[in-house]
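Everything below belongs to my_file-v6.txt, which stores compact mmCIF, C-alpha atoms.
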# COMPACT_ATOMS: atom_id res chain seq x y z
CA MET A 130 98.19 127.84 200.19
CA GLN A 131 96.19 130.06 202.54
CA ILE A 132 97.27 133.63 203.31
CA LEU A 133 96.20 135.06 206.64
CA THR A 134 95.83 138.83 206.73
CA THR A 135 95.09 141.29 209.47
CA GLY A 136 92.25 143.82 209.26
CA ARG A 137 94.72 146.55 208.28
CA ALA A 138 96.28 144.36 205.58
CA ARG A 139 92.83 143.47 204.17
CA THR A 140 91.92 147.17 204.00
CA ARG A 141 95.19 147.96 202.23
CA LEU A 142 94.58 145.08 199.80
CA ALA A 143 91.02 146.26 199.08
CA VAL A 144 92.16 149.84 198.49
CA THR A 145 94.96 148.65 196.19
CA ALA A 146 92.55 146.45 194.23
CA ALA A 147 90.03 149.29 193.88
CA ALA A 148 92.74 151.68 192.70
CA ALA A 149 93.89 149.13 190.11
CA LEU A 150 90.33 148.73 188.80
CA VAL A 151 89.81 152.49 188.56
CA ALA A 152 93.17 152.91 186.81
CA ALA A 153 92.15 150.18 184.36
CA GLY A 154 88.89 152.00 183.63
CA ALA A 155 86.66 149.36 185.23
CA PRO A 156 83.28 150.53 186.52
CA ALA A 157 83.13 150.90 190.28
CA VAL A 158 80.36 149.69 192.55
CA TYR A 159 79.98 151.37 195.91
CA ALA A 160 78.24 149.75 198.84
CA GLY A 161 77.77 151.09 202.32
CA PRO A 162 78.03 149.17 205.54
CA GLY A 163 75.58 146.29 205.75
CA ALA A 164 75.12 146.05 202.00
CA GLY A 165 75.77 142.32 202.29
CA ASP A 166 75.31 140.32 199.13
CA ARG A 167 72.94 142.77 197.45
CA ALA A 168 74.09 143.36 193.90
CA ALA A 169 73.89 146.74 192.22
CA ALA A 170 70.92 146.99 189.85
CA PRO A 171 72.07 146.81 186.23
CA ALA A 172 71.59 149.88 184.07
CA ALA A 173 69.05 147.96 181.99
CA ARG A 174 66.70 147.94 184.98
CA ALA A 175 66.92 151.69 185.54
CA ALA A 176 63.68 153.66 185.46
CA PRO A 177 62.66 154.63 181.93
CA ALA A 178 63.08 158.24 180.85
CA ARG A 179 59.93 160.20 181.54
CA GLY A 180 58.36 162.98 179.57
CA SER A 181 58.88 164.41 176.13
CA SER A 182 61.85 166.01 174.44
CA TYR A 183 62.14 169.71 175.26
CA ALA A 184 64.60 172.52 174.67
CA GLU A 185 65.60 174.60 177.67
CA THR A 186 66.99 178.08 177.17
CA ARG A 187 68.36 180.06 180.06
CA LEU A 188 69.07 183.76 179.65
CA PHE A 189 71.11 185.75 182.17
CA PHE A 190 70.36 189.46 182.46
CA GLY A 191 72.68 191.80 184.31
CA THR A 192 71.21 194.79 186.12
CA GLU A 193 74.20 197.14 186.30
CA ARG A 194 74.38 199.62 183.45
CA PRO A 195 77.92 199.67 182.04
CA ALA A 196 77.57 203.29 180.89
CA GLY A 197 76.43 204.33 184.37
CA GLY A 198 73.05 205.20 185.73
CA PRO A 199 70.79 203.35 188.14
CA ASP A 200 70.61 199.56 188.13
CA VAL A 201 67.66 197.87 186.46
CA THR A 202 64.93 197.50 189.11
CA ASP A 203 62.62 194.55 189.70
CA LYS A 204 59.72 196.62 188.41
CA GLN A 205 61.60 197.50 185.20
CA PHE A 206 62.69 193.92 184.62
CA MET A 207 59.21 192.48 185.14
CA ALA A 208 57.75 195.12 182.80
CA PHE A 209 60.35 193.99 180.24
CA VAL A 210 59.30 190.35 180.73
CA ASP A 211 55.64 191.27 180.31
CA ARG A 212 56.33 193.29 177.16
CA GLU A 213 59.06 191.25 175.40
CA VAL A 214 59.01 187.68 176.72
CA THR A 215 55.47 186.70 177.68
CA PRO A 216 53.99 187.32 174.20
CA CYS A 217 56.52 184.85 172.72
CA PHE A 218 56.31 182.31 175.59
CA PRO A 219 52.76 182.49 176.96
CA GLU A 220 52.95 178.83 178.10
CA GLY A 221 55.10 179.88 181.04
CA LEU A 222 58.57 180.81 182.17
CA THR A 223 60.62 181.10 185.33
CA VAL A 224 62.52 184.13 186.62
CA GLN A 225 65.13 183.64 189.33
CA ASP A 226 67.21 186.22 191.18
CA GLY A 227 70.95 185.80 191.04
CA ARG A 228 74.32 187.33 191.75
CA GLY A 229 76.70 187.34 188.83
CA GLN A 230 80.35 187.96 188.13
CA TRP A 231 81.83 188.59 184.70
CA ARG A 232 84.68 190.37 182.92
CA ASP A 233 83.56 193.36 180.86
CA ALA A 234 85.00 194.47 177.51
CA SER A 235 87.68 196.55 179.24
CA GLY A 236 88.86 193.55 181.30
CA THR A 237 87.37 194.66 184.63
CA ILE A 238 85.77 192.01 186.86
CA ARG A 239 82.27 193.14 187.74
CA ARG A 240 79.76 191.77 190.20
CA GLU A 241 76.09 192.53 189.97
CA ARG A 242 72.60 191.45 190.81
CA SER A 243 71.10 189.54 187.91
CA TYR A 244 68.07 187.64 186.67
CA GLU A 245 67.96 184.16 185.19
CA LEU A 246 65.09 183.55 182.80
CA VAL A 247 64.28 179.89 182.10
CA LEU A 248 62.30 179.03 178.98
CA LEU A 249 61.13 175.48 178.27
CA TYR A 250 59.51 174.54 174.96
CA PRO A 251 59.08 171.45 172.77
CA ALA A 252 62.34 170.49 171.05
CA THR A 253 60.49 170.40 167.73
CA GLU A 254 59.91 174.17 168.09
CA ALA A 255 63.57 175.10 168.77
CA LYS A 256 64.25 176.44 165.28
CA ALA A 257 61.06 178.52 165.24
CA ARG A 258 61.66 179.90 168.77
CA ASP A 259 65.29 180.92 168.14
CA PRO A 260 64.53 184.29 166.44
CA HIS A 261 62.18 185.22 169.32
CA ILE A 262 64.90 184.49 171.87
CA GLU A 263 67.44 186.53 169.94
CA ARG A 264 65.00 189.47 169.77
CA ILE A 265 64.55 189.27 173.56
CA ARG A 266 68.32 189.41 174.07
CA SER A 267 68.74 192.35 171.69
CA ALA A 268 65.80 194.24 173.19
CA TYR A 269 67.28 193.98 176.70
CA GLU A 270 70.73 195.07 175.53
CA ARG A 271 69.20 198.14 173.85
CA ALA A 272 66.74 199.02 176.60
CA PHE A 273 69.23 198.81 179.47
CA GLY A 274 72.57 199.55 177.79
CA GLN A 275 73.99 196.04 178.28
CA GLU A 276 77.04 194.62 176.49
CA SER A 277 75.41 191.20 176.25
CA VAL A 278 72.84 188.75 177.58
CA LEU A 279 74.21 185.25 178.22
CA ARG A 280 72.31 182.40 176.56
CA LEU A 281 72.53 178.69 177.42
CA ASP A 282 70.65 176.01 175.48
CA GLU A 283 70.20 172.37 176.42
CA ARG A 284 68.03 169.43 175.37
CA THR A 285 66.10 167.85 178.21
CA ARG A 286 63.01 165.80 178.98
CA ALA A 287 59.98 167.22 180.74
CA ASP A 288 56.80 165.71 182.07
CA PHE A 289 53.90 167.88 183.22
Mind turning this structure into structure tokens?
Amino acid sequence: MQILTTGRARTRLAVTAAAALVAAGAPAVYAGPGAGDRAAAPAARAAPARGSSYAETRLFFGTERPAGGPDVTDKQFMAFVDREVTPCFPEGLTVQDGRGQWRDASGTIRRERSYELVLLYPATEAKARDPHIERIRSAYERAFGQESVLRLDERTRADF
């Protein structure tokens, strides 16, 4: 038996079939117009991971002083980096400007200019580098009257 369908019916059928596959947890393959009979490359043929195993730590430094007073300036922050961070991470680092929002200890939403410091180091050195990173956080909190410095750690791969 042959079923004839209109273009609209075929589209509806394709959408229904795709929804059923997604609901069943089947992997989806997406192809744009003109994809023809090209098959998706299997995951086994994906490019190999490049680089070595590294740890990435990102620290977020606020510039507004909760107890009042002038915000931390670029000059003050870079002097802090030179004094507290560079000696522990002479291989390199990245500083990015940001705008942050957070809730302080009293429950007030605060917005401020901030800095993001990115540190990348061999994963095998993560345990040895941890105390240095914690000293950097504590030194900034003390020097600029901050409640905290946010820390994010991730494993990654890097190739130089």
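CA of Arg284 (chain A) is positioned 27.3 Å from CA of Arg242 (chain A).
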List the spatial neighbours of Trp231 (chain A) as a PDB file with C-alpha atoms, keeping the file's coordinate frame - criterion: any atom at most 9 Å away, only C-alpha atoms, same-chain residues fewer than 5 positions off excluded.
ATOM      1  CA  THR A 237      87.370 194.660 184.630  1.00  0.00           C
ATOM      2  CA  ILE A 238      85.770 192.010 186.860  1.00  0.00           C
ATOM      3  CA  ARG A 239      82.270 193.140 187.740  1.00  0.00           C
ATOM      4  CA  ARG A 240      79.760 191.770 190.200  1.00  0.00           C
ATOM      5  CA  GLU A 241      76.090 192.530 189.970  1.00  0.00           C
TER       6      GLU A 241
END
Q. With distances taken over all atoms listed in the file, which of A:Glu213, A:Phe189, A:Gln225, A:Leu279 is nearest to Arg264 (chain A)?
A.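 Of all the options, A:Glu213 lies closest to Arg264 (chain A).
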* Between A:Gly229, A:Gly274, A:Gly197, A:Pro216, single out the one closest to Ile262 (chain A), counting all atoms listed in the file. =>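 That would be A:Pro216, the residue with the smallest distance to Ile262 (chain A).
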Open item on the list: My list of candidates is A:Leu249, A:Ala176, A:Ala257, A:Cys217. Which is closest to Phe289 (chain A) when distances are computed with only C-alpha atoms?
Closed with: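 Among the listed residues, A:Leu249 lies closest to Phe289 (chain A).
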### Message
What's around Glu245 (chain A) at 7 Å? Count only C-alpha atoms, leave out sequence neighbours fewer than 6 positions away in its own chain, and write the answer as a ChimeraX atom specification.
### Response
/A:187-190,224-227
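Taking CA of Pro260 (chain A) and CA of Glu276 (chain A) as endpoints, the distance between them is 19.1 Å.
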For Pro195 (chain A), the closest of A:Ala287, A:Ala234, A:Leu281, A:Leu246 counting only C-alpha atoms is A:Ala234
If you count only C-alpha atoms, which residues fall within 7 Å of Thr285 (chain A), apart from same-chain ones fewer than 4 positions away, as a list of chain:residue names?
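Counting only C-alpha atoms, the residues come to A:Ser182, A:Tyr183, A:Ala184, A:Glu185.
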Distance criterion (all atoms listed in the file): nearest to Ala208 (chain A) out of A:Ser181, A:Val278, A:Tyr269, A:Val247: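 Closest to Ala208 (chain A), using all atoms listed in the file: A:Tyr269.
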Please measure the separation of CA of Glu220 (chain A) and CA of Glu263 (chain A), giving the value in Å to one decimal.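 CA of Glu263 (chain A) lies at a distance of 18.3 Å from CA of Glu220 (chain A).
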Counting all atoms listed in the file, closest pick from A:Arg286, A:Asp203, A:Pro177, A:Ala196 relative to Pro251 (chain A) is A:Arg286
